[in-house]
file input.cif (mmCIF, C-alpha atoms and all ligand atoms)
data_upload
#
loop_
_atom_site.label_atom_id
_atom_site.label_comp_id
_atom_site.auth_asym_id
_atom_site.auth_seq_id
_atom_site.Cartn_x
_atom_site.Cartn_y
_atom_site.Cartn_z
CA MET A 854 -14.11 -104.53 10.23
CA GLU A 855 -12.25 -106.64 12.77
CA ILE A 856 -9.20 -105.32 14.56
CA LEU A 857 -5.80 -106.92 13.93
CA LYS A 858 -3.72 -107.14 17.10
CA VAL A 859 -0.01 -106.68 16.42
CA ALA A 860 2.68 -107.48 19.02
CA MET A 861 5.62 -105.10 18.58
CA PRO A 862 8.99 -105.72 20.23
CA LYS A 863 10.24 -102.81 22.34
CA GLY A 864 13.95 -102.09 22.06
CA ARG A 865 16.39 -102.37 19.19
CA ILE A 866 13.96 -103.67 16.52
CA PHE A 867 11.20 -101.21 17.37
CA LYS A 868 12.24 -98.11 15.40
CA GLN A 869 13.00 -100.08 12.25
CA ALA A 870 9.75 -102.01 12.53
CA SER A 871 7.61 -98.90 12.99
CA GLN A 872 9.40 -97.25 10.05
CA LEU A 873 8.61 -100.30 7.91
CA PHE A 874 4.92 -99.94 8.80
CA ARG A 875 5.04 -96.23 7.90
CA ASP A 876 6.75 -97.04 4.59
CA ALA A 877 3.92 -99.50 3.96
CA ASN A 878 1.42 -96.63 4.35
CA ILE A 879 0.07 -97.86 7.66
CA PRO A 880 -0.82 -94.67 9.58
CA ILE A 881 1.48 -94.96 12.59
CA PRO A 882 1.31 -91.76 14.69
CA ASP A 883 4.45 -89.61 15.08
CA ASP A 884 4.61 -90.06 18.87
CA PHE A 885 4.35 -93.88 18.55
CA ASP A 886 8.10 -94.40 19.01
CA ASP A 887 8.32 -92.41 22.26
CA SER A 888 5.08 -93.50 23.88
CA ARG A 889 5.01 -95.37 27.18
CA LYS A 890 1.55 -96.75 26.48
CA LEU A 891 1.47 -100.52 26.22
CA ILE A 892 -1.63 -100.81 24.06
CA ILE A 893 -1.94 -98.36 21.18
CA PRO A 894 -5.08 -98.58 19.03
CA ILE A 895 -4.84 -97.30 15.46
CA PRO A 896 -8.50 -97.40 14.38
CA GLU A 897 -7.77 -95.83 10.96
CA ALA A 898 -5.77 -98.97 10.13
CA ASN A 899 -8.06 -101.38 12.03
CA MET A 900 -5.06 -102.31 14.15
CA GLU A 901 -4.07 -102.39 17.77
CA PHE A 902 -0.41 -102.50 18.74
CA ILE A 903 0.75 -104.34 21.84
CA MET A 904 4.16 -103.21 23.11
CA ALA A 905 5.93 -106.32 24.30
CA LYS A 906 9.31 -107.37 25.59
CA PRO A 907 10.87 -108.97 22.46
CA VAL A 908 11.30 -112.41 24.01
CA ASP A 909 7.57 -112.48 24.88
CA VAL A 910 6.27 -111.73 21.37
CA PRO A 911 6.04 -115.41 20.28
CA THR A 912 4.19 -116.22 23.53
CA TYR A 913 1.52 -113.55 22.92
CA VAL A 914 1.13 -114.77 19.36
CA GLU A 915 0.97 -118.47 20.25
CA TYR A 916 -1.77 -117.79 22.82
CA GLY A 917 -3.65 -115.62 20.33
CA VAL A 918 -3.76 -112.44 22.41
CA ALA A 919 -1.88 -110.96 19.45
CA ASP A 920 -2.84 -112.10 15.94
CA VAL A 921 0.56 -111.28 14.49
CA GLY A 922 3.89 -110.13 15.86
CA ILE A 923 7.33 -108.93 14.89
CA VAL A 924 10.23 -110.84 16.31
CA GLY A 925 13.90 -111.54 15.67
CA LYS A 926 14.77 -114.94 14.21
CA ASP A 927 17.03 -115.43 17.27
CA VAL A 928 14.06 -115.24 19.66
CA LEU A 929 11.94 -117.35 17.33
CA MET A 930 14.55 -120.15 17.29
CA GLU A 931 15.10 -119.96 21.05
CA GLU A 932 11.42 -119.90 22.04
CA ASN A 933 10.28 -122.56 19.58
CA ARG A 934 6.61 -121.53 19.81
CA ASP A 935 3.78 -122.94 17.75
CA VAL A 936 3.29 -120.00 15.35
CA TYR A 937 3.44 -119.39 11.61
CA GLU A 938 6.47 -117.54 10.31
CA LEU A 939 5.11 -115.44 7.44
CA ILE A 940 7.70 -112.97 6.16
CA ASP A 941 11.37 -112.16 6.50
CA LEU A 942 11.17 -108.41 7.06
CA GLY A 943 14.88 -107.92 6.34
CA ILE A 944 15.29 -105.47 9.24
CA ALA A 945 17.50 -105.56 12.35
CA ARG A 946 20.04 -107.60 10.43
CA CYS A 947 22.78 -109.13 12.56
CA ARG A 948 24.37 -112.51 13.23
CA MET A 949 24.58 -115.07 15.99
CA SER A 950 28.14 -116.15 16.68
CA VAL A 951 30.38 -118.15 18.94
CA ILE A 952 32.70 -115.63 20.60
CA GLY A 953 35.76 -115.90 22.81
CA LEU A 954 38.97 -114.27 23.93
CA PRO A 955 41.83 -114.26 21.39
CA THR A 956 43.68 -116.51 23.84
CA TRP A 957 40.91 -119.16 23.83
CA LYS A 958 41.93 -122.81 23.95
CA GLU A 959 40.21 -126.06 23.03
CA VAL A 960 39.08 -127.55 26.36
CA MET A 961 36.99 -130.56 27.36
CA ASN A 962 33.34 -129.67 27.99
CA PRO A 963 33.78 -125.88 27.61
CA LYS A 964 31.42 -123.52 29.41
CA VAL A 965 29.30 -121.42 27.05
CA ALA A 966 27.39 -118.42 28.44
CA THR A 967 24.38 -117.18 26.47
CA LYS A 968 20.92 -115.63 26.51
CA TYR A 969 19.92 -118.45 24.13
CA PRO A 970 20.38 -121.76 26.02
CA ASN A 971 18.08 -123.86 23.79
CA LEU A 972 19.54 -122.59 20.55
CA ALA A 973 23.14 -122.93 21.78
CA SER A 974 22.61 -126.45 23.19
CA GLN A 975 21.03 -127.64 19.95
CA TYR A 976 23.77 -126.05 17.83
CA PHE A 977 26.61 -127.78 19.69
CA ARG A 978 24.70 -131.07 20.08
CA GLU A 979 24.11 -131.28 16.32
CA ARG A 980 27.85 -130.88 15.79
CA GLY A 981 28.74 -133.51 18.37
CA HIS A 982 30.34 -131.02 20.76
CA GLN A 983 29.75 -131.45 24.46
CA VAL A 984 29.42 -128.10 26.22
CA GLU A 985 28.06 -126.77 29.49
CA VAL A 986 25.58 -124.00 28.75
CA ILE A 987 25.20 -121.20 31.31
CA LYS A 988 22.11 -119.01 30.91
CA LEU A 989 22.59 -115.25 31.44
CA ASN A 990 20.14 -112.43 30.79
CA GLY A 991 22.38 -109.71 29.35
CA SER A 992 25.91 -108.29 29.16
CA ILE A 993 26.94 -111.74 27.95
CA GLU A 994 30.38 -110.45 26.89
CA LEU A 995 31.30 -110.17 30.56
CA ALA A 996 31.35 -113.94 31.02
CA PRO A 997 34.71 -114.77 29.33
CA LEU A 998 36.27 -111.56 30.65
CA ILE A 999 35.67 -112.47 34.27
CA GLY A 1000 36.20 -116.21 33.90
CA LEU A 1001 32.61 -117.43 34.09
CA SER A 1002 32.76 -119.14 30.69
CA ASP A 1003 35.22 -120.23 27.98
CA ARG A 1004 33.06 -118.91 25.17
CA ILE A 1005 29.76 -117.15 24.59
CA VAL A 1006 27.00 -117.42 22.02
CA ASP A 1007 25.60 -113.98 21.28
CA MET A 1008 24.44 -111.52 18.67
CA VAL A 1009 26.88 -109.36 16.75
CA GLU A 1010 25.52 -106.32 14.97
CA THR A 1011 28.21 -103.68 14.45
CA GLY A 1012 30.92 -105.65 16.27
CA ARG A 1013 31.53 -102.70 18.59
CA THR A 1014 30.81 -104.59 21.82
CA LEU A 1015 33.35 -107.25 20.83
CA ARG A 1016 36.02 -104.71 19.85
CA GLU A 1017 35.61 -102.66 23.00
CA ASN A 1018 35.93 -105.76 25.16
CA GLY A 1019 38.79 -107.44 23.30
CA LEU A 1020 36.75 -110.44 22.13
CA ILE A 1021 36.75 -112.17 18.74
CA GLU A 1022 34.21 -114.09 16.68
CA LEU A 1023 35.25 -117.74 16.49
CA GLU A 1024 32.39 -118.98 14.33
CA GLU A 1025 29.37 -117.41 12.66
CA MET A 1026 26.33 -119.56 13.44
CA PHE A 1027 23.32 -117.92 11.73
CA SER A 1028 22.38 -114.65 10.13
CA ILE A 1029 19.41 -113.04 11.85
CA THR A 1030 16.64 -110.71 10.69
CA SER A 1031 13.19 -109.85 12.05
CA ARG A 1032 10.17 -111.89 11.00
CA LEU A 1033 6.42 -111.40 10.87
CA ILE A 1034 4.71 -114.26 12.71
CA ALA A 1035 1.04 -115.17 13.07
CA ASN A 1036 -1.20 -117.11 15.38
CA ARG A 1037 -2.45 -120.27 13.67
CA VAL A 1038 -6.15 -119.63 14.34
CA SER A 1039 -5.93 -115.92 13.54
CA TYR A 1040 -4.26 -116.82 10.26
CA ARG A 1041 -7.46 -118.64 9.26
CA MET A 1042 -10.04 -116.39 10.94
CA LYS A 1043 -8.47 -113.05 10.00
CA ASN A 1044 -6.83 -114.22 6.81
CA HIS A 1045 -7.91 -111.24 4.74
CA ALA A 1046 -6.47 -108.68 7.17
CA ILE A 1047 -3.24 -110.66 7.67
CA GLN A 1048 -2.79 -111.18 3.93
CA LEU A 1049 -3.30 -107.46 3.36
CA LEU A 1050 -0.64 -106.63 5.97
CA CYS A 1051 1.75 -109.15 4.36
CA ASP A 1052 1.21 -107.59 0.94
CA GLN A 1053 1.72 -104.06 2.26
CA LEU A 1054 4.93 -105.01 4.06
CA GLN A 1055 6.19 -107.19 1.21
CA SER A 1056 5.87 -104.32 -1.27
CA VAL A 1057 8.23 -102.12 0.76
CA ILE A 1058 10.63 -104.95 1.60
CA GLU A 1059 11.09 -105.72 -2.08
CA ILE A 1060 11.94 -102.08 -2.74
CA LYS A 1061 14.49 -102.08 0.07
CA VAL A 1062 16.29 -105.31 -0.86
C1 LIG B 1101 23.31 -107.08 22.06
C2 LIG B 1101 24.19 -108.31 22.00
C3 LIG B 1101 25.57 -107.73 22.03
C4 LIG B 1101 25.43 -106.42 21.31
C5 LIG B 1101 25.91 -106.54 19.90
O1 LIG B 1101 23.16 -106.72 23.37
O2 LIG B 1101 23.91 -109.19 23.07
O3 LIG B 1101 25.98 -107.52 23.36
O4 LIG B 1101 24.04 -106.11 21.31
O5 LIG B 1101 25.84 -105.33 19.20
P1 LIG B 1101 27.12 -104.67 18.51
O6 LIG B 1101 27.80 -105.72 17.69
O7 LIG B 1101 26.53 -103.59 17.64
O8 LIG B 1101 28.00 -104.12 19.58
P2 LIG B 1101 22.00 -105.75 23.86
O9 LIG B 1101 22.35 -104.33 23.53
O10 LIG B 1101 20.71 -106.23 23.31
O11 LIG B 1101 22.07 -105.88 25.42
P3 LIG B 1101 22.29 -107.09 26.42
O12 LIG B 1101 23.67 -106.91 26.93
O13 LIG B 1101 21.26 -106.89 27.46
O14 LIG B 1101 22.14 -108.40 25.71
#
call {"tool": "encode", "arguments": {"input": "input.cif", "output": "structure tokens"}}
result
Amino acid sequence: MEILKVAMPKGRIFKQASQLFRDANIPIPDDFDDSRKLIIPIPEANMEFIMAKPVDVPTYVEYGVADVGIVGKDVLMEENRDVYELIDLGIARCRMSVIGLPTWKEVMNPKVATKYPNLASQYFRERGHQVEVIKLNGSIELAPLIGLSDRIVDMVETGRTLRENGLIELEEMFSITSRLIANRVSYRMKNHAIQLLCDQLQSVIEIKV
């Protein structure tokens, strides 16, 4: 039986994703969540897990070093990789929003700081708004507080980061959940194994929704 290589995102999605696999009766070991190993074979399930930085998951899958992967819709939209999006897993639910200070003003060509420059540029372009996008790699909420940008585009989950920094949501752009994606060739060559994984995951997603 061939091995299915699964790219898993380390970080905030990881625990929910591994729980979903457990719920789907895929034998994930107990120490999986705390391991520092980057490649974890699970021969009982004919799977091998690759622990990836979330933003790199679509890259591994596009190049076929992972057959499938779990990734947030935010990363998927930003990276725009040539992969199949198979299932909405319904986990790590949050939203992408335009955020600013309560004192924000309409200005010409506002500066928008974000971790998602492609997604933000496209969003404003489609609405006919001219903005200057500034790419940052984290702590995006700092930007309006210290005068780097007029607004930010970022994820809101509980809203705590906004509250604690005195920022407000100006516009909700998209709702975000994690997705199962597949490499195009793997989807044909390992169709049986991928379909089985989809069915297993789908059965527990339906119960949860
Ligand atoms: C994300 C996001 C927000 C925060 C939202 O940051 O960029 O800052 O979480 O969550 P909340 O609404 O529950 O407060 P992350 O923790 O991924 O770190 P980052 O600053 O490196 O982007």
call {"tool": "closest_residue", "arguments": {"input": "input.cif", "among": "A:Leu989, A:Ala1035, A:Leu1023, A:Ala919", "to": "ligand LIG 1101 (chain B)", "atoms": "all atoms listed in the file"}}
result
A:Leu989
call {"tool": "closest_residue", "arguments": {"input": "input.cif", "among": "A:Val908, A:Val924, A:Ile1047, A:Leu929", "to": "A:Asn990", "atoms": "only C-alpha atoms"}}
result
A:Val908
call {"tool": "residues_near_ligand", "arguments": {"input": "input.cif", "ligand": "ligand LIG 1101 (chain B)", "cutoff": "7 Å", "atoms": "only C-alpha atoms and all ligand atoms", "output": "MDAnalysis selection string"}}
result
chainID A and resid 990:994 1007:1015
call {"tool": "closest_residue", "arguments": {"input": "input.cif", "among": "A:Val986, A:Leu954, A:Ile1058, A:Ile895", "to": "A:Leu972", "atoms": "all atoms listed in the file"}}
result
A:Val986
call {"tool": "closest_residue", "arguments": {"input": "input.cif", "among": "A:Ile944, A:Val918, A:Cys1051, A:Met854", "to": "A:Ala870", "atoms": "all atoms listed in the file"}}
result
A:Ile944
call {"tool": "build_atoms", "arguments": {"input": "input.cif", "residues": "stretch 962-976 of chain A", "atoms": "N, CA, C and O atoms", "output": "tab-separated table (two decimals), keeping the file's coordinate frame"}}
result
chain	number	residue	atom	x	y	z
A	962	ASN	N	34.59	-130.16	27.43
A	962	ASN	CA	33.34	-129.67	27.99
A	962	ASN	C	33.38	-128.17	28.32
A	962	ASN	O	33.15	-127.76	29.47
A	963	PRO	N	33.66	-127.32	27.32
A	963	PRO	CA	33.78	-125.88	27.61
A	963	PRO	C	32.47	-125.28	28.12
A	963	PRO	O	31.39	-125.75	27.78
A	964	LYS	N	32.59	-124.25	28.93
A	964	LYS	CA	31.42	-123.52	29.41
A	964	LYS	C	31.06	-122.44	28.39
A	964	LYS	O	31.93	-121.69	27.94
A	965	VAL	N	29.78	-122.39	28.04
A	965	VAL	CA	29.30	-121.42	27.05
A	965	VAL	C	28.19	-120.59	27.69
A	965	VAL	O	27.13	-121.12	28.03
A	966	ALA	N	28.42	-119.29	27.86
A	966	ALA	CA	27.39	-118.42	28.44
A	966	ALA	C	26.55	-117.81	27.32
A	966	ALA	O	27.09	-117.46	26.25
A	967	THR	N	25.26	-117.69	27.52
A	967	THR	CA	24.38	-117.18	26.47
A	967	THR	C	23.01	-116.81	27.02
A	967	THR	O	22.59	-117.30	28.07
A	968	LYS	N	22.32	-115.94	26.26
A	968	LYS	CA	20.92	-115.63	26.51
A	968	LYS	C	20.04	-116.66	25.81
A	968	LYS	O	18.83	-116.62	25.94
A	969	TYR	N	20.66	-117.53	25.00
A	969	TYR	CA	19.92	-118.45	24.13
A	969	TYR	C	20.30	-119.90	24.45
A	969	TYR	O	20.92	-120.57	23.61
A	970	PRO	N	19.92	-120.43	25.62
A	970	PRO	CA	20.38	-121.76	26.02
A	970	PRO	C	19.86	-122.88	25.11
A	970	PRO	O	20.62	-123.81	24.81
A	971	ASN	N	18.62	-122.79	24.65
A	971	ASN	CA	18.08	-123.86	23.79
A	971	ASN	C	18.81	-123.89	22.46
A	971	ASN	O	19.26	-124.95	21.99
A	972	LEU	N	18.90	-122.71	21.87
A	972	LEU	CA	19.54	-122.59	20.55
A	972	LEU	C	21.01	-123.04	20.62
A	972	LEU	O	21.48	-123.80	19.77
A	973	ALA	N	21.71	-122.59	21.66
A	973	ALA	CA	23.14	-122.93	21.78
A	973	ALA	C	23.31	-124.43	22.02
A	973	ALA	O	24.14	-125.08	21.37
A	974	SER	N	22.49	-125.01	22.91
A	974	SER	CA	22.61	-126.45	23.19
A	974	SER	C	22.39	-127.26	21.93
A	974	SER	O	23.15	-128.18	21.63
A	975	GLN	N	21.34	-126.90	21.19
A	975	GLN	CA	21.03	-127.64	19.95
A	975	GLN	C	22.18	-127.50	18.93
A	975	GLN	O	22.58	-128.49	18.31
A	976	TYR	N	22.70	-126.30	18.81
A	976	TYR	CA	23.77	-126.05	17.83
A	976	TYR	C	24.98	-126.94	18.10
A	976	TYR	O	25.52	-127.59	17.21
